[in-house]
Amino acid sequence: MNLQNDMENKLRKEGYKFTKQRKSILEVFLRERKSLLSLQQIYEKVKEKYPTVDFSTIYRNIELLVNLDIIHKIYTGKPYGSYKLKELNKHHHHIICIDCGKAEVIEFCPLGLLESQLKKKNFLPMEHNFEVFGYCAECKVKKGELL
């Protein structure tokens with residue numbers, strides 16, 4: 001079974017239709033697997049196929065896909081979030097190139113390193129984000145001596 005079928009089945013299982021807009025959004029994520037995408041970028045790519053689509057339709061569908069755990073919302077320090085297809089079912093974080101936007105998975109979580117500090121503060125974490133921003137190998141080469 002392929003990833004698109006898995007996502008379609010998850011939507012239907014949760015009681016949602018697999019509309020042409022949702023299919024188009026998922027196709028964008030499948031094509032742009034290595035990149036983080038803003039809502040605007042997703043909207044523009046879907047609009048190429050469906051010129052009459054509204055930004056609000058994209059926004060609502062992205063929020064649904066985040067809530068269904070099909071895509072990640074990643075906080076990049078900008079005033080808006082970025083999104084990436086969730087391909088792993090296990091906990092992970094990302095390294096993100098600040099030049100080209102490429103995002104790669106790292107299977108490391110620093111939360112365990114904070115466990116003793118959290119216990120001392122009697123703090124129960126419910127969620128966390130950990131992303132590392134820098135330059136990917138290709139962008140480091142392009143930047144050359146500037147880095």
# chains A, B, ... in the order shown; residues from 1 in each chain; ligands from 1
$ residues_around --residues "Leu36 in chain A" --least-positions-apart "4" --cutoff "9 Å" --atoms "only C-alpha atoms" --output "PyMOL selection string"
chain A and resi 32+74+82-85+96+101-103
$ residues_around --residues "Phe29 in chain A" --least-positions-apart "4" --cutoff "12 Å" --atoms "only C-alpha atoms" --output "count of residues only"
30
$ atom_distance --atom1 "CA of Tyr75 in chain A" --atom2 "CA of Ile95 in chain A"
12.2 Å
$ closest_residue --among "A:Asn129, A:Leu30, A:Thr19, A:Tyr80" --to "Asn2 in chain A" --atoms "only C-alpha atoms"
A:Leu30
$ closest_residue --among "A:Glu107, A:Glu14, A:Glu27, A:Glu115" --to "Asp69 in chain A" --atoms "only C-alpha atoms"
A:Glu14
$ select_by_dssp --residues "range 1-89 of chain A" --states "helix (DSSP H, G or I)" --output "ChimeraX atom specification"
/A:3-13,20-31,39-49,55-67
$ write_last_selection --atoms "N, CA and C atoms" --output "compact mmCIF listing (two decimals), in the first residue's frame"
# COMPACT_ATOMS: atom_id res chain seq x y z
N LEU A 3 1.67 5.55 0.38
CA LEU A 3 1.43 6.60 1.37
C LEU A 3 0.13 7.35 1.12
N GLN A 4 -0.16 7.65 -0.14
CA GLN A 4 -1.40 8.38 -0.45
C GLN A 4 -2.63 7.54 -0.07
N ASN A 5 -2.59 6.24 -0.34
CA ASN A 5 -3.71 5.37 0.05
C ASN A 5 -3.86 5.32 1.56
N ASP A 6 -2.72 5.28 2.27
CA ASP A 6 -2.76 5.27 3.74
C ASP A 6 -3.45 6.53 4.27
N MET A 7 -3.10 7.68 3.67
CA MET A 7 -3.69 8.95 4.12
C MET A 7 -5.18 9.00 3.77
N GLU A 8 -5.52 8.54 2.58
CA GLU A 8 -6.93 8.51 2.18
C GLU A 8 -7.73 7.63 3.14
N ASN A 9 -7.20 6.47 3.47
CA ASN A 9 -7.88 5.56 4.39
C ASN A 9 -8.04 6.18 5.78
N LYS A 10 -7.02 6.90 6.23
CA LYS A 10 -7.09 7.54 7.55
C LYS A 10 -8.19 8.60 7.57
N LEU A 11 -8.27 9.40 6.53
CA LEU A 11 -9.33 10.41 6.44
C LEU A 11 -10.71 9.75 6.49
N ARG A 12 -10.91 8.74 5.67
CA ARG A 12 -12.21 8.06 5.60
C ARG A 12 -12.55 7.38 6.93
N LYS A 13 -11.55 6.78 7.56
CA LYS A 13 -11.75 6.12 8.85
C LYS A 13 -12.23 7.12 9.91
N LYS A 20 -11.27 16.49 -3.72
CA LYS A 20 -10.21 16.82 -4.69
C LYS A 20 -9.21 17.82 -4.10
N GLN A 21 -9.68 18.72 -3.22
CA GLN A 21 -8.77 19.67 -2.60
C GLN A 21 -7.81 18.95 -1.65
N ARG A 22 -8.33 18.03 -0.86
CA ARG A 22 -7.47 17.28 0.07
C ARG A 22 -6.48 16.42 -0.70
N LYS A 23 -6.96 15.81 -1.77
CA LYS A 23 -6.06 15.00 -2.60
C LYS A 23 -4.96 15.88 -3.17
N SER A 24 -5.31 17.04 -3.66
CA SER A 24 -4.33 17.95 -4.25
C SER A 24 -3.32 18.43 -3.20
N ILE A 25 -3.78 18.73 -1.99
CA ILE A 25 -2.88 19.13 -0.90
C ILE A 25 -1.90 18.00 -0.59
N LEU A 26 -2.40 16.79 -0.49
CA LEU A 26 -1.52 15.65 -0.20
C LEU A 26 -0.54 15.41 -1.33
N GLU A 27 -0.97 15.62 -2.58
CA GLU A 27 -0.05 15.48 -3.71
C GLU A 27 1.08 16.49 -3.62
N VAL A 28 0.77 17.71 -3.18
CA VAL A 28 1.81 18.74 -3.00
C VAL A 28 2.83 18.24 -1.98
N PHE A 29 2.35 17.72 -0.86
CA PHE A 29 3.28 17.23 0.18
C PHE A 29 4.10 16.04 -0.32
N LEU A 30 3.49 15.19 -1.12
CA LEU A 30 4.23 14.04 -1.65
C LEU A 30 5.32 14.49 -2.62
N ARG A 31 5.03 15.52 -3.42
CA ARG A 31 6.03 16.05 -4.36
C ARG A 31 7.14 16.81 -3.64
N LEU A 39 1.68 27.93 4.40
CA LEU A 39 0.31 27.88 3.87
C LEU A 39 0.24 28.55 2.50
N GLN A 40 0.94 29.65 2.35
CA GLN A 40 0.94 30.37 1.07
C GLN A 40 1.51 29.51 -0.05
N GLN A 41 2.60 28.82 0.23
CA GLN A 41 3.21 27.95 -0.78
C GLN A 41 2.27 26.81 -1.16
N ILE A 42 1.63 26.22 -0.16
CA ILE A 42 0.68 25.13 -0.43
C ILE A 42 -0.47 25.65 -1.28
N TYR A 43 -1.00 26.81 -0.89
CA TYR A 43 -2.10 27.43 -1.62
C TYR A 43 -1.71 27.66 -3.09
N GLU A 44 -0.54 28.22 -3.32
CA GLU A 44 -0.10 28.51 -4.69
C GLU A 44 0.06 27.23 -5.51
N LYS A 45 0.57 26.18 -4.91
CA LYS A 45 0.76 24.93 -5.64
C LYS A 45 -0.59 24.25 -5.93
N VAL A 46 -1.53 24.31 -5.00
CA VAL A 46 -2.86 23.73 -5.24
C VAL A 46 -3.60 24.56 -6.28
N LYS A 47 -3.44 25.86 -6.22
CA LYS A 47 -4.12 26.78 -7.15
C LYS A 47 -3.71 26.53 -8.60
N GLU A 48 -2.51 26.03 -8.82
CA GLU A 48 -2.08 25.68 -10.18
C GLU A 48 -3.02 24.64 -10.79
N LYS A 49 -3.49 23.71 -9.98
CA LYS A 49 -4.37 22.64 -10.46
C LYS A 49 -5.85 23.04 -10.35
N PHE A 55 -8.10 30.38 -0.28
CA PHE A 55 -7.07 30.23 0.75
C PHE A 55 -7.68 29.63 2.02
N SER A 56 -8.91 30.02 2.34
CA SER A 56 -9.56 29.50 3.56
C SER A 56 -9.77 27.98 3.47
N THR A 57 -10.01 27.48 2.27
CA THR A 57 -10.17 26.03 2.09
C THR A 57 -8.86 25.32 2.39
N ILE A 58 -7.77 25.89 1.92
CA ILE A 58 -6.45 25.31 2.19
C ILE A 58 -6.18 25.35 3.69
N TYR A 59 -6.44 26.50 4.31
CA TYR A 59 -6.20 26.67 5.75
C TYR A 59 -6.98 25.62 6.56
N ARG A 60 -8.27 25.50 6.28
CA ARG A 60 -9.10 24.54 7.04
C ARG A 60 -8.62 23.10 6.84
N ASN A 61 -8.26 22.76 5.62
CA ASN A 61 -7.81 21.40 5.34
C ASN A 61 -6.44 21.11 5.97
N ILE A 62 -5.57 22.10 5.98
CA ILE A 62 -4.26 21.91 6.63
C ILE A 62 -4.47 21.68 8.13
N GLU A 63 -5.33 22.48 8.75
CA GLU A 63 -5.60 22.29 10.18
C GLU A 63 -6.17 20.89 10.46
N LEU A 64 -7.04 20.42 9.59
CA LEU A 64 -7.59 19.07 9.72
C LEU A 64 -6.49 18.02 9.62
N LEU A 65 -5.62 18.16 8.62
CA LEU A 65 -4.55 17.19 8.42
C LEU A 65 -3.54 17.21 9.58
N VAL A 66 -3.34 18.36 10.18
CA VAL A 66 -2.50 18.44 11.38
C VAL A 66 -3.18 17.70 12.53
N ASN A 67 -4.47 17.98 12.73
CA ASN A 67 -5.21 17.34 13.82
C ASN A 67 -5.30 15.82 13.65
$ select_by_dssp --residues "chain A" --states "strand (DSSP E or B)" --output "ChimeraX atom specification"
/A:35,37,71-74,82-85,93-97,102-106,131-134
$ write_last_selection --atoms "N, CA and C atoms" --output "PDB file, in the first residue's frame"
ATOM      1  N   SER A  35      10.898  19.320   1.792  1.00  0.00           N
ATOM      2  CA  SER A  35      10.811  20.737   2.130  1.00  0.00           C
ATOM      3  C   SER A  35       9.714  21.035   3.141  1.00  0.00           C
ATOM      4  N   LEU A  37       6.783  23.652   3.971  1.00  0.00           N
ATOM      5  CA  LEU A  37       5.930  24.501   3.141  1.00  0.00           C
ATOM      6  C   LEU A  37       5.085  25.411   4.017  1.00  0.00           C
ATOM      7  N   ILE A  71       0.087  15.512   8.793  1.00  0.00           N
ATOM      8  CA  ILE A  71       1.196  16.429   8.565  1.00  0.00           C
ATOM      9  C   ILE A  71       1.604  17.061   9.892  1.00  0.00           C
ATOM     10  N   HIS A  72       2.860  17.541   9.940  1.00  0.00           N
ATOM     11  CA  HIS A  72       3.396  18.250  11.103  1.00  0.00           C
ATOM     12  C   HIS A  72       3.245  19.742  10.887  1.00  0.00           C
ATOM     13  N   LYS A  73       2.980  20.457  11.957  1.00  0.00           N
ATOM     14  CA  LYS A  73       3.166  21.904  11.945  1.00  0.00           C
ATOM     15  C   LYS A  73       4.477  22.146  12.673  1.00  0.00           C
ATOM     16  N   ILE A  74       5.394  22.822  12.006  1.00  0.00           N
ATOM     17  CA  ILE A  74       6.721  23.044  12.564  1.00  0.00           C
ATOM     18  C   ILE A  74       6.917  24.538  12.768  1.00  0.00           C
ATOM     19  N   SER A  82       5.194  26.314   9.458  1.00  0.00           N
ATOM     20  CA  SER A  82       5.498  25.598   8.226  1.00  0.00           C
ATOM     21  C   SER A  82       5.023  24.171   8.410  1.00  0.00           C
ATOM     22  N   TYR A  83       4.841  23.482   7.305  1.00  0.00           N
ATOM     23  CA  TYR A  83       4.231  22.157   7.360  1.00  0.00           C
ATOM     24  C   TYR A  83       5.062  21.158   6.578  1.00  0.00           C
ATOM     25  N   LYS A  84       4.994  19.921   7.045  1.00  0.00           N
ATOM     26  CA  LYS A  84       5.722  18.830   6.401  1.00  0.00           C
ATOM     27  C   LYS A  84       4.911  17.551   6.566  1.00  0.00           C
ATOM     28  N   LEU A  85       4.955  16.733   5.552  1.00  0.00           N
ATOM     29  CA  LEU A  85       4.279  15.439   5.591  1.00  0.00           C
ATOM     30  C   LEU A  85       4.854  14.584   6.714  1.00  0.00           C
ATOM     31  N   HIS A  93      12.459  14.546  15.331  1.00  0.00           N
ATOM     32  CA  HIS A  93      12.609  15.984  15.156  1.00  0.00           C
ATOM     33  C   HIS A  93      13.257  16.245  13.803  1.00  0.00           C
ATOM     34  N   HIS A  94      13.541  17.526  13.513  1.00  0.00           N
ATOM     35  CA  HIS A  94      14.040  17.882  12.185  1.00  0.00           C
ATOM     36  C   HIS A  94      15.270  18.782  12.249  1.00  0.00           C
ATOM     37  N   ILE A  95      16.099  18.639  11.217  1.00  0.00           N
ATOM     38  CA  ILE A  95      17.123  19.629  10.936  1.00  0.00           C
ATOM     39  C   ILE A  95      16.647  20.354   9.673  1.00  0.00           C
ATOM     40  N   ILE A  96      16.748  21.680   9.684  1.00  0.00           N
ATOM     41  CA  ILE A  96      16.131  22.487   8.633  1.00  0.00           C
ATOM     42  C   ILE A  96      17.151  23.472   8.071  1.00  0.00           C
ATOM     43  N   CYS A  97      17.292  23.463   6.751  1.00  0.00           N
ATOM     44  CA  CYS A  97      18.214  24.392   6.096  1.00  0.00           C
ATOM     45  C   CYS A  97      17.559  25.770   6.010  1.00  0.00           C
ATOM     46  N   LYS A 102      15.097  22.818   3.017  1.00  0.00           N
ATOM     47  CA  LYS A 102      15.067  21.358   3.113  1.00  0.00           C
ATOM     48  C   LYS A 102      15.008  20.950   4.582  1.00  0.00           C
ATOM     49  N   ALA A 103      14.165  19.979   4.860  1.00  0.00           N
ATOM     50  CA  ALA A 103      14.023  19.479   6.231  1.00  0.00           C
ATOM     51  C   ALA A 103      14.269  17.977   6.235  1.00  0.00           C
ATOM     52  N   GLU A 104      15.106  17.541   7.161  1.00  0.00           N
ATOM     53  CA  GLU A 104      15.391  16.126   7.289  1.00  0.00           C
ATOM     54  C   GLU A 104      15.099  15.673   8.717  1.00  0.00           C
ATOM     55  N   VAL A 105      14.741  14.424   8.845  1.00  0.00           N
ATOM     56  CA  VAL A 105      14.411  13.840  10.136  1.00  0.00           C
ATOM     57  C   VAL A 105      15.680  13.491  10.888  1.00  0.00           C
ATOM     58  N   ILE A 106      15.672  13.781  12.183  1.00  0.00           N
ATOM     59  CA  ILE A 106      16.697  13.240  13.081  1.00  0.00           C
ATOM     60  C   ILE A 106      15.953  12.442  14.144  1.00  0.00           C
ATOM     61  N   GLU A 131      13.771  21.698  16.786  1.00  0.00           N
ATOM     62  CA  GLU A 131      14.261  21.758  15.423  1.00  0.00           C
ATOM     63  C   GLU A 131      15.611  22.461  15.443  1.00  0.00           C
ATOM     64  N   VAL A 132      16.508  21.995  14.610  1.00  0.00           N
ATOM     65  CA  VAL A 132      17.826  22.603  14.499  1.00  0.00           C
ATOM     66  C   VAL A 132      17.903  23.276  13.131  1.00  0.00           C
ATOM     67  N   PHE A 133      18.263  24.559  13.123  1.00  0.00           N
ATOM     68  CA  PHE A 133      18.351  25.336  11.889  1.00  0.00           C
ATOM     69  C   PHE A 133      19.805  25.577  11.532  1.00  0.00           C
ATOM     70  N   GLY A 134      20.116  25.440  10.262  1.00  0.00           N
ATOM     71  CA  GLY A 134      21.480  25.656   9.786  1.00  0.00           C
ATOM     72  C   GLY A 134      21.515  25.515   8.284  1.00  0.00           C
TER      73      GLY A 134
END
$ atom_distance --atom1 "CA of Met126 in chain A" --atom2 "CA of Leu111 in chain A"
11.2 Å
$ atom_distance --atom1 "CA of Thr76 in chain A" --atom2 "CA of His91 in chain A"
18.4 Å
$ closest_residue --among "A:Ile98, A:His128, A:Asp54, A:His92" --to "Leu114 in chain A" --atoms "only C-alpha atoms"
A:His128
